[in-house]
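Colleague: What follows is the file my_file-v6.cif, containing mmCIF, C-alpha atoms:
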data_target
#
loop_
_atom_site.label_atom_id
_atom_site.label_comp_id
_atom_site.auth_asym_id
_atom_site.auth_seq_id
_atom_site.Cartn_x
_atom_site.Cartn_y
_atom_site.Cartn_z
CA MET A 360 -76.12 9.82 6.30
CA PHE A 361 -72.79 10.48 4.53
CA TYR A 362 -71.78 6.80 4.43
CA LYS A 363 -74.86 6.19 2.18
CA ASN A 364 -73.48 8.65 -0.34
CA LYS A 365 -72.06 6.91 -3.42
CA TYR A 366 -68.73 8.76 -3.01
CA PHE A 367 -68.18 7.75 0.62
CA TYR A 368 -66.27 4.48 0.11
CA PRO A 369 -64.03 5.65 -2.77
CA VAL A 370 -63.04 8.75 -0.78
CA LEU A 371 -62.40 6.60 2.31
CA ALA A 372 -60.17 4.23 0.30
CA LEU A 373 -58.11 7.07 -1.12
CA PHE A 374 -57.68 8.55 2.35
CA CYS A 375 -56.40 5.24 3.77
CA ILE A 376 -53.95 4.79 0.89
CA ALA A 377 -52.56 8.29 1.49
CA ILE A 378 -52.06 7.59 5.21
CA LEU A 379 -50.28 4.27 4.58
CA SER A 380 -48.02 5.84 1.93
CA PHE A 381 -47.00 8.63 4.32
CA ILE A 382 -46.13 6.09 7.04
CA ALA A 383 -44.04 3.99 4.61
CA ILE A 384 -42.09 6.99 3.33
CA SER A 385 -41.39 8.26 6.85
CA SER A 386 -40.19 4.85 7.97
CA SER A 387 -37.89 4.26 5.00
CA GLY A 388 -36.49 7.79 5.21
CA SER A 389 -35.15 7.22 8.71
CA LYS A 390 -33.17 4.21 7.50
CA TYR A 391 -31.73 5.76 4.35
CA GLN A 392 -27.93 5.69 4.00
CA GLU A 393 -25.71 7.36 1.46
CA PRO A 394 -24.22 4.83 -0.98
CA GLU A 395 -20.61 3.94 -0.37
CA SER A 396 -18.03 5.43 -2.70
CA SER A 397 -16.69 3.14 -5.38
CA GLU A 398 -13.21 4.60 -4.96
CA PRO A 399 -10.70 2.38 -3.12
CA VAL A 400 -9.75 3.68 0.30
CA ILE A 401 -6.80 2.43 2.32
CA GLU A 402 -7.13 3.69 5.87
CA SER A 403 -4.10 4.67 7.88
CA GLN A 404 -5.66 3.07 10.95
CA PRO A 405 -6.71 -0.59 11.14
CA ASP A 406 -10.31 -1.69 11.44
CA GLU A 407 -11.51 -2.57 14.95
CA GLU A 408 -11.07 -6.32 14.52
CA VAL A 409 -8.77 -8.54 12.54
CA GLN A 410 -10.75 -9.92 9.61
CA ALA A 411 -10.21 -12.85 7.29
CA GLU A 412 -10.09 -12.45 3.54
CA VAL A 413 -13.63 -12.83 2.17
CA ASP A 414 -13.17 -12.98 -1.58
CA PRO A 415 -11.66 -16.18 -3.01
CA TYR A 416 -7.95 -15.82 -3.71
CA ASP A 417 -6.11 -17.92 -6.27
CA LYS A 418 -2.41 -18.05 -5.45
CA THR A 419 -1.59 -19.90 -8.67
CA VAL A 420 -2.13 -16.73 -10.76
CA TYR A 421 0.99 -15.17 -9.27
CA GLU A 422 2.96 -18.41 -9.25
CA THR A 423 2.28 -18.89 -12.97
CA GLU A 424 3.21 -15.33 -13.98
CA ILE A 425 6.26 -14.65 -11.83
CA VAL A 426 8.23 -17.57 -13.31
CA LYS A 427 8.37 -15.54 -16.53
CA TYR A 428 10.69 -13.11 -14.74
CA THR A 429 13.08 -15.45 -12.93
CA ASP A 430 15.93 -14.09 -15.05
CA ILE A 431 15.66 -10.62 -13.46
CA ILE A 432 15.03 -11.71 -9.85
CA LEU A 433 18.20 -11.03 -7.89
CA PRO A 434 19.99 -14.34 -7.24
CA LEU A 435 21.84 -15.39 -4.14
CA ASN A 436 24.90 -13.14 -4.01
CA SER A 437 26.59 -11.79 -0.89
CA THR A 438 30.07 -10.68 -1.97
CA ASN A 439 29.91 -7.17 -0.46
CA GLY A 440 30.18 -7.17 3.33
CA ASN A 441 29.18 -3.48 3.56
CA TYR A 442 26.13 -3.86 1.34
CA LEU A 443 23.42 -2.85 3.85
CA ALA A 444 25.50 0.02 5.23
CA GLU A 445 25.79 1.39 1.69
CA THR A 446 22.06 1.03 0.98
CA LEU A 447 19.19 3.45 1.60
CA PHE A 448 15.84 1.74 2.19
CA VAL A 449 12.94 3.82 0.84
CA GLY A 450 9.26 3.07 1.39
CA ASP A 451 6.20 3.02 3.62
CA SER A 452 5.60 1.91 7.22
CA ASN A 453 7.37 -1.44 6.88
CA THR A 454 10.43 0.44 5.67
CA GLU A 455 10.03 3.05 8.41
CA GLY A 456 10.16 0.24 10.97
CA ILE A 457 13.66 -0.76 9.87
CA GLY A 458 14.97 2.42 11.46
CA ALA A 459 12.30 2.94 14.11
CA PHE A 460 13.06 -0.45 15.69
CA GLU A 461 16.81 0.07 15.23
CA HIS A 462 17.45 -2.79 12.80
CA LEU A 463 19.53 -0.27 10.83
CA PRO A 464 20.61 3.30 11.61
CA MET A 465 18.09 5.98 10.64
CA GLN A 466 20.57 7.30 8.09
CA ASN A 467 19.84 4.17 6.05
CA VAL A 468 16.07 4.63 6.06
CA LEU A 469 13.53 6.90 4.36
CA GLY A 470 10.13 5.56 5.38
CA LYS A 471 6.74 6.89 6.37
CA HIS A 472 3.52 5.21 7.46
CA SER A 473 0.60 5.29 4.98
CA MET A 474 2.90 6.53 2.22
CA ASN A 475 2.02 5.41 -1.32
CA ILE A 476 3.91 5.77 -4.57
CA GLN A 477 2.18 9.07 -5.41
CA GLY A 478 3.05 10.56 -2.03
CA PHE A 479 6.75 9.86 -2.52
CA THR A 480 7.04 12.86 -4.85
CA ALA A 481 4.04 14.89 -3.62
CA ASP A 482 3.61 14.67 0.18
CA ASP A 483 5.42 16.59 2.90
CA TYR A 484 8.04 14.41 4.53
CA MET A 485 10.74 16.45 6.30
CA LEU A 486 10.57 19.86 7.97
CA ILE A 487 13.51 21.98 6.83
CA ALA A 488 12.52 25.39 8.19
CA GLU A 489 10.38 26.05 11.26
CA ASP A 490 7.74 28.73 11.61
CA ASN A 491 8.79 32.01 13.26
CA PRO A 492 6.14 32.82 15.90
CA GLU A 493 7.10 36.51 15.79
CA THR A 494 5.78 36.91 12.24
CA GLU A 495 2.22 36.61 11.01
CA GLU A 496 3.00 34.36 8.07
CA ASP A 497 3.68 30.65 8.38
CA GLU A 498 7.34 30.23 7.44
CA SER A 499 7.60 26.48 8.01
CA GLN A 500 8.82 24.55 4.98
CA TYR A 501 8.64 20.85 4.18
CA ILE A 502 10.22 18.82 1.44
CA THR A 503 9.14 15.52 -0.06
CA MET A 504 10.79 12.16 0.41
CA TYR A 505 11.93 12.41 -3.19
CA ASN A 506 13.71 15.71 -2.41
CA VAL A 507 15.49 14.13 0.54
CA LEU A 508 16.62 11.24 -1.63
CA VAL A 509 17.97 13.57 -4.32
CA ASN A 510 19.85 15.60 -1.71
CA ARG A 511 21.39 12.43 -0.29
CA GLN A 512 22.57 10.93 -3.62
CA PRO A 513 22.90 7.47 -2.08
CA GLN A 514 25.05 4.72 -3.53
CA ARG A 515 22.06 2.38 -3.72
CA ILE A 516 18.37 2.35 -2.86
CA ILE A 517 15.93 -0.46 -2.20
CA ILE A 518 12.53 1.07 -2.88
CA ASN A 519 9.34 -0.57 -1.64
CA PHE A 520 5.93 1.06 -2.19
CA GLY A 521 2.55 -0.38 -3.09
CA THR A 522 0.84 -1.75 0.00
CA ASN A 523 -1.10 1.49 0.48
CA ASN A 524 -2.10 1.50 -3.21
CA ALA A 525 -3.53 -2.02 -3.22
CA GLY A 526 -7.24 -1.34 -2.82
CA ALA A 527 -9.86 -3.60 -4.38
CA HIS A 528 -10.50 -1.21 -7.29
CA ALA A 529 -6.86 -0.39 -8.01
CA VAL A 530 -5.68 -0.49 -11.63
CA PRO A 531 -2.32 -2.31 -11.86
CA GLU A 532 -1.37 -0.66 -15.15
CA GLN A 533 -1.95 2.80 -13.71
CA PHE A 534 0.07 1.91 -10.62
CA ALA A 535 2.87 0.66 -12.86
CA ARG A 536 2.94 3.86 -14.92
CA THR A 537 3.23 5.99 -11.80
CA TYR A 538 5.94 3.74 -10.36
CA ALA A 539 7.91 3.69 -13.63
CA ASP A 540 7.72 7.48 -13.94
CA THR A 541 8.92 7.85 -10.35
CA LEU A 542 11.88 5.56 -10.95
CA SER A 543 12.76 7.53 -14.09
CA LEU A 544 12.80 10.72 -12.02
CA ILE A 545 15.14 9.12 -9.50
CA LYS A 546 17.41 7.77 -12.22
CA ALA A 547 17.68 11.19 -13.86
CA ALA A 548 18.30 13.06 -10.60
CA CYS A 549 20.60 10.42 -9.09
CA PRO A 550 22.57 9.04 -12.06
CA ASN A 551 25.11 7.22 -9.89
CA THR A 552 22.55 5.55 -7.63
CA LYS A 553 21.86 1.87 -8.18
CA ILE A 554 18.10 1.16 -8.06
CA VAL A 555 16.63 -2.00 -6.56
CA VAL A 556 12.85 -2.42 -6.67
CA ALA A 557 11.59 -4.59 -3.83
CA ALA A 558 8.45 -6.60 -4.44
CA ILE A 559 5.54 -5.58 -2.22
CA LEU A 560 5.26 -7.69 0.90
CA PRO A 561 2.28 -10.06 1.09
CA VAL A 562 -0.42 -9.63 3.74
CA CYS A 563 -1.85 -12.25 6.06
CA LYS A 564 -5.22 -13.81 5.35
CA ASP A 565 -6.40 -12.62 8.77
CA ARG A 566 -5.58 -8.92 8.98
CA ALA A 567 -6.77 -5.62 10.40
CA TYR A 568 -6.61 -3.90 7.01
CA PRO A 569 -9.02 -5.95 4.84
CA LYS A 570 -9.10 -3.26 2.14
CA ILE A 571 -5.52 -4.14 1.22
CA MET A 572 -6.00 -7.00 -1.25
CA GLN A 573 -3.50 -9.83 -1.75
CA ASP A 574 -4.57 -10.49 -5.34
CA VAL A 575 -3.96 -6.82 -6.17
CA ILE A 576 -0.52 -6.98 -4.54
CA ASP A 577 0.27 -9.98 -6.75
CA LEU A 578 -0.73 -8.07 -9.89
CA PHE A 579 1.31 -5.06 -8.76
CA ASN A 580 4.38 -7.24 -8.27
CA ILE A 581 4.09 -8.68 -11.77
CA GLU A 582 4.01 -5.12 -13.10
CA LEU A 583 7.08 -4.22 -11.02
CA ALA A 584 8.94 -7.22 -12.43
CA LYS A 585 8.11 -5.98 -15.95
CA ILE A 586 9.46 -2.52 -15.13
CA CYS A 587 12.71 -3.98 -13.83
CA LYS A 588 13.14 -6.15 -16.89
CA GLU A 589 12.53 -3.25 -19.27
CA ASN A 590 14.80 -0.79 -17.45
CA GLY A 591 17.55 -2.91 -15.92
CA TYR A 592 16.67 -2.31 -12.27
CA GLY A 593 17.34 -4.99 -9.66
CA PHE A 594 14.24 -6.91 -8.52
CA LEU A 595 14.28 -8.10 -4.91
CA HIS A 596 11.64 -10.82 -4.61
CA TYR A 597 10.42 -10.69 -0.99
CA PRO A 598 7.41 -12.97 -1.63
CA GLU A 599 9.87 -15.85 -2.04
CA ILE A 600 10.48 -15.87 1.71
CA PHE A 601 7.37 -14.22 3.17
CA LYS A 602 4.56 -16.09 1.41
CA ASP A 603 3.05 -19.21 2.93
CA SER A 604 3.47 -21.89 0.26
CA GLU A 605 0.05 -23.43 0.93
CA THR A 606 -2.15 -20.31 1.07
CA GLY A 607 -0.22 -17.72 -0.93
CA TYR A 608 -0.81 -15.19 1.83
CA ALA A 609 1.89 -13.94 4.18
CA ASN A 610 3.29 -16.32 6.76
CA PRO A 611 1.95 -14.89 10.07
CA ASP A 612 5.11 -15.97 11.89
CA TYR A 613 6.84 -12.90 10.45
CA PHE A 614 4.06 -10.34 10.90
CA SER A 615 2.54 -8.45 13.79
CA SER A 616 -1.00 -9.12 15.01
CA ASP A 617 -2.45 -6.73 12.41
CA GLY A 618 -1.35 -9.05 9.61
CA VAL A 619 0.32 -6.31 7.54
CA HIS A 620 3.36 -5.00 9.43
CA LEU A 621 6.49 -7.00 10.09
CA ASN A 622 7.50 -8.16 13.55
CA GLY A 623 11.07 -8.52 14.80
CA SER A 624 11.55 -11.89 13.11
CA GLY A 625 10.18 -10.47 9.89
CA TYR A 626 12.63 -7.57 9.86
CA ARG A 627 15.57 -9.85 10.53
CA LEU A 628 14.48 -12.11 7.66
CA LEU A 629 13.98 -9.15 5.31
CA LEU A 630 17.42 -7.67 5.96
CA ASP A 631 19.12 -11.04 5.78
CA TYR A 632 17.46 -11.69 2.42
CA ALA A 633 18.45 -8.28 1.10
CA ALA A 634 22.06 -8.77 2.22
CA LYS A 635 22.23 -12.16 0.50
CA HIS A 636 20.67 -10.99 -2.78
CA GLN A 637 22.88 -8.05 -3.67
CA TYR A 638 22.78 -5.67 -6.60
CA ASN A 639 26.30 -4.28 -6.93
#
Output the structure of this file as structure tokens.

Modeller:
Amino acid sequence: MFYKNKYFYPVLALFCIAILSFIAISSSGSKYQEPESSEPVIESQPDEEVQAEVDPYDKTVYETEIVKYTDIILPLNSTNGNYLAETLFVGDSNTEGIGAFEHLPMQNVLGKHSMNIQGFTADDYMLIAEDNPETEEDESQYITMYNVLVNRQPQRIIINFGTNNAGAHAVPEQFARTYADTLSLIKAACPNTKIVVAAILPVCKDRAYPKIMQDVIDLFNIELAKICKENGYGFLHYPEIFKDSETGYANPDYFSSDGVHLNGSGYRLLLDYAAKHQYN
């Protein structure tokens, strides 16, 4: 019989090992997933559920650093009654809402959802020439938000970008370089425009955009304060009124249910603060 052959059991063992290995590989292959990218991604749409901040957040880091720049934070000053009417608000979705919800006329607002500081000079913002359907070529033309600003030559801007840049792997120094270069472009193209840099609004601990990090926003704001001090821009310190003093996150009373965008009370507070901390 074959099983009495001296090679029977070694051959049988090798055969069993081969079968078990095949089963293991097939099983693990069906569960394999591509590794997630290490690049920070800020989605334009919120996640399905509001989520609480997972990583520990130390609010004292910002509190300790920002006091070094109290001399350039705009103080209480409301001498100009036409201040807001003379100001153009420039920024992302929270700026867009100032006009969309009619807190100010649209002529005072340049804002777009999901816009970041890079997109200000690079992304299509306004259609200036529509496509002619009678021709084969697409003749539609867009200009950037920066182009619109230059064409307007406003008396004053309050610029507020950064929320959509604040991913977990963001580099504050790189963000600051891009922001500083952008402000230099504006200053050169609009020499008579007064520039106010608004600190990035905080986010709530419970929010629908968990990839926007509060500790990164804090680091960004410190960098913005440095830029203002070095270049003589006004620094409008929104965190002073929007941060919860106990947690360091945004006070949810002023934000919508997604924990990132302002509600009606938030917009009224923002505009009141801007009007009372003027840069003339």

Colleague: Translate the PyMOL selection byres ((chain A and resi 583) around 10), as applied to the file shown, into an explicit residue set as a list in words.

Modeller: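 Expected selection for the PyMOL selection byres ((chain A and resi 583) around 10) here is Gly521, Pro531, Phe534, Ala535, Arg536, Tyr538, Ala539, Val556, Ala557, Ala558, Ile559, Asp577, Leu578, Phe579, Asn580, Ile581, Glu582, Ala584, Lys585, Ile586, Cys587, Lys588, Glu589, Tyr592 and Phe594 of chain A.
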
Colleague: Name every residue that the PyMOL selection byres ((chain A and resi 541-550) around 12) selects in this structure, writing the answer as a VMD selection string with chains first and numbers rising.

Modeller: chain A and resid 449 475 to 481 504 to 520 534 to 540 551 to 556 583 586 to 587 589 to 593

Colleague: Those same residues - C-alpha atoms - I'd like them written as a tab-separated table (two decimals), in the coordinates of the input.

Modeller:
chain	number	residue	atom	x	y	z
A	449	VAL	CA	12.94	3.82	0.84
A	475	ASN	CA	2.02	5.41	-1.32
A	476	ILE	CA	3.91	5.77	-4.57
A	477	GLN	CA	2.18	9.07	-5.41
A	478	GLY	CA	3.05	10.56	-2.03
A	479	PHE	CA	6.75	9.86	-2.52
A	480	THR	CA	7.04	12.86	-4.85
A	481	ALA	CA	4.04	14.89	-3.62
A	504	MET	CA	10.79	12.16	0.41
A	505	TYR	CA	11.93	12.41	-3.19
A	506	ASN	CA	13.71	15.71	-2.41
A	507	VAL	CA	15.49	14.13	0.54
A	508	LEU	CA	16.62	11.24	-1.63
A	509	VAL	CA	17.97	13.57	-4.32
A	510	ASN	CA	19.85	15.60	-1.71
A	511	ARG	CA	21.39	12.43	-0.29
A	512	GLN	CA	22.57	10.93	-3.62
A	513	PRO	CA	22.90	7.47	-2.08
A	514	GLN	CA	25.05	4.72	-3.53
A	515	ARG	CA	22.06	2.38	-3.72
A	516	ILE	CA	18.37	2.35	-2.86
A	517	ILE	CA	15.93	-0.46	-2.20
A	518	ILE	CA	12.53	1.07	-2.88
A	519	ASN	CA	9.34	-0.57	-1.64
A	520	PHE	CA	5.93	1.06	-2.19
A	534	PHE	CA	0.07	1.91	-10.62
A	535	ALA	CA	2.87	0.66	-12.86
A	536	ARG	CA	2.94	3.86	-14.92
A	537	THR	CA	3.23	5.99	-11.80
A	538	TYR	CA	5.94	3.74	-10.36
A	539	ALA	CA	7.91	3.69	-13.63
A	540	ASP	CA	7.72	7.48	-13.94
A	551	ASN	CA	25.11	7.22	-9.89
A	552	THR	CA	22.55	5.55	-7.63
A	553	LYS	CA	21.86	1.87	-8.18
A	554	ILE	CA	18.10	1.16	-8.06
A	555	VAL	CA	16.63	-2.00	-6.56
A	556	VAL	CA	12.85	-2.42	-6.67
A	583	LEU	CA	7.08	-4.22	-11.02
A	586	ILE	CA	9.46	-2.52	-15.13
A	587	CYS	CA	12.71	-3.98	-13.83
A	589	GLU	CA	12.53	-3.25	-19.27
A	590	ASN	CA	14.80	-0.79	-17.45
A	591	GLY	CA	17.55	-2.91	-15.92
A	592	TYR	CA	16.67	-2.31	-12.27
A	593	GLY	CA	17.34	-4.99	-9.66

Colleague: Near Cys563 of chain A, counting all atoms listed in the file, which residues have an atom at most 9 Å away, once you skip same-chain residues fewer than 6 positions from it, shown as a ChimeraX atom specification?

Modeller: /A:411-412,573,602,608-611,614,617-619

Colleague: Between atom CA of Lys635 of chain A and atom CA of Arg566 of chain A, what is the distance in Å, rounded to a tenth?

Modeller: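 Interatomic distance here is 29.3 Å.
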
Colleague: Under the PyMOL selection byres ((chain A and resi 607) around 12), which residues of this model are included? Write them out as a PyMOL selection string.

Modeller: chain A and resi 415-422+560-564+573-574+576-577+598-606+608-611

Colleague: Atom CA of Met474 of chain A and atom CA of Ser452 of chain A, how far apart in Å?

Modeller: 7.3 Å

Colleague: Of the candidates A:Leu486, A:Ile571, A:Ala633, A:Ala444, which shows the shortest atom-to-atom distance to Asn467 of chain A, using only C-alpha atoms?

Modeller: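 Closest to Asn467 of chain A of all the choices is A:Ala444.
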
Colleague: Rank A:His596, A:Leu443, A:Lys471, A:Ala527 by their smallest atom-to-atom distance to Thr503 of chain A, using all atoms listed in the file, and report the top residue only.

Modeller: A:Lys471

Colleague: Could you check which of A:Asn639, A:Glu532, A:Leu595, A:Tyr442 is closest to Thr429 of chain A, using all atoms listed in the file?

Modeller: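 Under the stated criterion, the closest residue is A:Leu595.
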
Colleague: Rank A:His636, A:Leu469, A:Tyr501, A:Val530 by their smallest atom-to-atom distance to Asp482 of chain A, using all atoms listed in the file, and report the top residue only.

Modeller: A:Tyr501

Colleague: Enclose segment 602-611 of chain A, meaning all of its atoms listed in the file, in a box aligned along x, y and z, pad it by 3 Å on each side, and list the centre and edge lengths in Å to one decimal, as AutoDock Vina command-line options.

Modeller:
--center_x 1.2 --center_y -18.7 --center_z 4.6 --size_x 12.7 --size_y 15.5 --size_z 17.0

Colleague: What's around Gln637 of chain A at 8 Å? Count all atoms listed in the file, leave out sequence neighbours fewer than 5 positions away in its own chain, and write the answer as a list in words.

Modeller: Leu433, Pro434, Leu435, Asn436, Ser437, Thr438, Asn439 and Tyr442 of chain A

Colleague: Any idea what the distance is between atom CA of Ala459 of chain A and atom CA of Asn622 of chain A?

Modeller: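 Atom-to-atom, atom CA of Ala459 of chain A to atom CA of Asn622 of chain A, that is 12.1 Å.
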
Colleague: Got a sec: who's within 8 Å of Ile487 of chain A, counting all atoms listed in the file, leaving out chain neighbours fewer than 4 positions off, as a short mmCIF file (atom, residue, chain, number, x, y, z; two decimals) with C-alpha atoms, in the coordinates of the input?

Modeller:
data_model
loop_
_atom_site.label_atom_id
_atom_site.label_comp_id
_atom_site.auth_asym_id
_atom_site.auth_seq_id
_atom_site.Cartn_x
_atom_site.Cartn_y
_atom_site.Cartn_z
CA SER A 499 7.60 26.48 8.01
CA GLN A 500 8.82 24.55 4.98
CA TYR A 501 8.64 20.85 4.18
CA ILE A 502 10.22 18.82 1.44
#
